[in-house]
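The structure appears right after this line, and notes come after that.
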Amino acid sequence: MAIRKLRKTMKPFIWIFVIAFIITIIGGVVSYIYSYKNAKAQKMALKLNGSYVDSLKIERAFSNGIENYRKVYGNSIDGEELKTIIFNNFIEQELLVKEAKNMKIKVSSKEINEKYNQVRANFPDEKTFNNALKMQGYTKDSLKNDIKNSLLVEKVTEKIESQAKVTDDEIKKYYENNKYGLYLDKDYEKVKDEIKERLLNNKKGRIYRAYVSKLLKSSKYEDVKEIYQKYLYNIEISKDGFEFSNIDIANRTIIQKLYGAGEKAAETAKKSIEKDIETAKKYISAGVEVNKELTTEDKIVDLREKYIAKLRKEIKISDEEIKTYFEKNSTKYETKEEAEAQIIEFELKPSKADSNKALEKAKNILKELTPENFAEKAKEYSEGPTAVNGGDLGWFTKGRMIKEFEEAAFSTEKGTINQNIIKTQFGYHIIYVEDKKTENGKESVKARHILIKENVSEDTKNNVIKKAKEILEKIKNKEITFEEAAKANSVLKNFEFKKIRRDGYIEGIGFNKELSDAILSSKLKELKLFTNNIIVIFKKTKYQKFEKANFEKSKDRVRYDILNEKINKALIEITK
């Protein structure tokens, strides 16, 4: 669920394992924390269960949390919702530190020093390290104390989550419910550990969220500074036994913003809560029991899961239904022609000679250019997608183009052609800046360009083919194994490729009909060199020929598909 993923993303932001953020911290944030320290560091934000909490720690959490959040989701999400989540994550961690004492959990000096040294190792020297600490309002002792608290939280979390258990029956049942969907063509023995981890993590998450939710509800706040009062945990929606806190609403609002709801995000979030409450009541009316130990968000998910489980037991499917469905959808149950293969793909990139050839071509073109003929020459020479438009790139501001191109464009005078050939990952560029302007403090340029690509020559391709042939012979002569050949040579990809079919798509390579046909048509275990549009050595390791749909073989899967269609229909109906 997106909301739980968001909470998982936010959780690490507060504690010291993100101290490496100091290394790349931007000047604005640094100066903010530093000036805040000078002005307010000695003031207390609030009293939590009898203990004072320093304002600086909360402000540091805000700054680091928002910055880390932006690294994941960009600059589109900010505001009070994000601060509500960060603030309460911070409070959670404070409460868990106190829980460590109740649980008699301790952290050794050795553990603290190991983490401290890891942080210190990110800095080139002691002076830089000390300056970074100062800018974040830390001393070495306070840093070590936060490391200690972070380790305590980690151990408390592990203890809380250790209550989660998964049985073999649960694993098997999950597999059976998903064997023709998520685990299609996958053997139970090969995926049971993956399923166990999935189920275990789900249970751990629910147990943890329920535990910290109780801590937040039972906490006592005193002497709260006015600027923090709006972030305090409180129930904002209470209806028909379902309680949603300001944290729940903030989470949902941010998710809606990520989905593009914009200014209507908060309104849409509250509507989604109203809808979920109504649906949850229908689940209960259908005989599903509420797990009162869970958080409200998890209760709703749990009710849905139990309702689906109930439908699985109650829905009856006749043999006639199965037969009719099979006949209407028989192509779905055909066994497609399919292969698996080991593939070594050789890197085919321009040589130095190829690069020099492209550069020389660009230099010769530059000699012909004037501002007046640039557009026509771009149509004639450019190898980029803008060639048809005379190389026109239109207006653009800083940050829109790759660094090398941008620097050259903005340093070129209006109405002139840059006399330097600019090298980028795309090739060589000749840049003509037609116009410049500054609006709202932002500089823009209007430019055209001619792109000359570094194309791979036949000589270069032949050299790679020659190398591939030599390796192929060594494998055939058993001088080296297939795996050793890949490790010892410069290759792009080397692993087992599955589900290679006649449609031409090979996961990890892309669409290559010629290659897929060559693999499917080759003999099993035969080593082959393919050089048509890609240079690879391949060996077909498994082959399944095409088979028409067989009713008896497909019966179980058909029943599965009918059942899931009926479940989905019931879910749509109950949420109306």
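Ordered as shown in the structure tokens, chains take letters A, B, and onward, while each chain numbers its residues from 1 and ligands are numbered from 1 in the order shown.
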
task: Apply DSSP to the backbone of this structure and, from region 353-532 of chain A, keep only the residues in strand (DSSP E or B); write these as a PyMOL selection string.
output: chain A and resi 392-397+416-417+422-424+427-439+442-452+491-500+505-506+510-511+527-530

query: Which polymer residues have any atom within 8 Å of an atom of region 160-175 of chain A, counting only C-alpha atoms, with same-chain residues fewer than 5 positions away left out, as a ChimeraX atom specification?
result: /A:183,188,192,195-196,199-200,203-205,207-208,211

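Each of A:Ile86, A:Leu48, A:Ala353, A:Ala265 was compared to Ala61 (chain A) using only C-alpha atoms, and A:Ile86 turns out to be the nearest.
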
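Interatomic distance, CA of Ala269 (chain A) against CA of Glu81 (chain A): 11.6 Å.
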
query: Do you know which residues are at most 12 Å from Gln256 (chain A) counting only C-alpha atoms, after dropping those on the same chain fewer than 5 positions away, and could you put them as a PyMOL selection string?
result: chain A and resi 2-3+6+76-77+81+249-251+261-272

field: Selection: 8 Å around region 435-441 of chain A, only C-alpha atoms, excl. self and same-chain fewer than 4 positions, as a ChimeraX atom specification
entry: /A:414-415,445-447

Sort by chain and increasing residue number a table of all residues of region 38-101 of chain A within 8 Å of region 222-246 of chain A, each with its closest pair of atoms and their distance in Å to one decimal, counting only C-alpha atoms, and write it as CSV.
residue,atom,partner,partner_atom,distance
A:Met44,CA,A:Lys225,CA,8.0
A:Ala45,CA,A:Lys225,CA,5.4
A:Leu46,CA,A:Val224,CA,4.2
A:Lys47,CA,A:Glu222,CA,4.9
A:Leu48,CA,A:Glu222,CA,6.7
A:Gly50,CA,A:Glu222,CA,7.9
A:Lys83,CA,A:Tyr231,CA,7.4
A:Thr84,CA,A:Tyr231,CA,4.9
A:Phe87,CA,A:Tyr231,CA,6.6
A:Asn88,CA,A:Tyr233,CA,7.1

field: Close residues, Lys281 (chain A) itself excluded, 12 Å, only C-alpha atoms, min 6 positions apart in chain, as a PyMOL selection string
entry: chain A and resi 239-242+274-275+287-290+299-300+303-304+307+574-575

Against region 559-564 of chain A, which residues of region 127-239 of chain A fall within 12 Å? For each one I want the closest pair of atoms and the distance in Å (one decimal), counting only C-alpha atoms, rows by chain and increasing residue number, as a tab-separated table.
residue	atom	partner	partner_atom	distance
A:Glu176	CA	A:Tyr560	CA	9.4
A:Asn177	CA	A:Tyr560	CA	8.2
A:Asn178	CA	A:Tyr560	CA	8.9
A:Lys179	CA	A:Tyr560	CA	8.9
A:Tyr180	CA	A:Tyr560	CA	7.2
A:Gly181	CA	A:Asp561	CA	9.0
A:Leu184	CA	A:Tyr560	CA	11.6

Could you write those residues out with C-alpha atoms, as a compact mmCIF listing (two decimals), in the first residue's frame?
# COMPACT_ATOMS: atom_id res chain seq x y z
CA GLU A 176 -1.75 -21.49 -3.87
CA ASN A 177 -3.65 -18.19 -3.99
CA ASN A 178 -1.04 -16.69 -6.35
CA LYS A 179 0.42 -19.64 -8.26
CA TYR A 180 -1.13 -18.66 -11.60
CA GLY A 181 -0.55 -14.95 -11.04
CA LEU A 184 3.13 -18.30 -12.61

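What separates CA of Ile431 (chain A) from CA of Phe374 (chain A) is a distance of 9.5 Å.
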
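Distances from A:Leu366, A:Met135, A:Ala570, A:Ile85 to Thr253 (chain A) were compared using only C-alpha atoms, and the smallest one belongs to A:Ile85.
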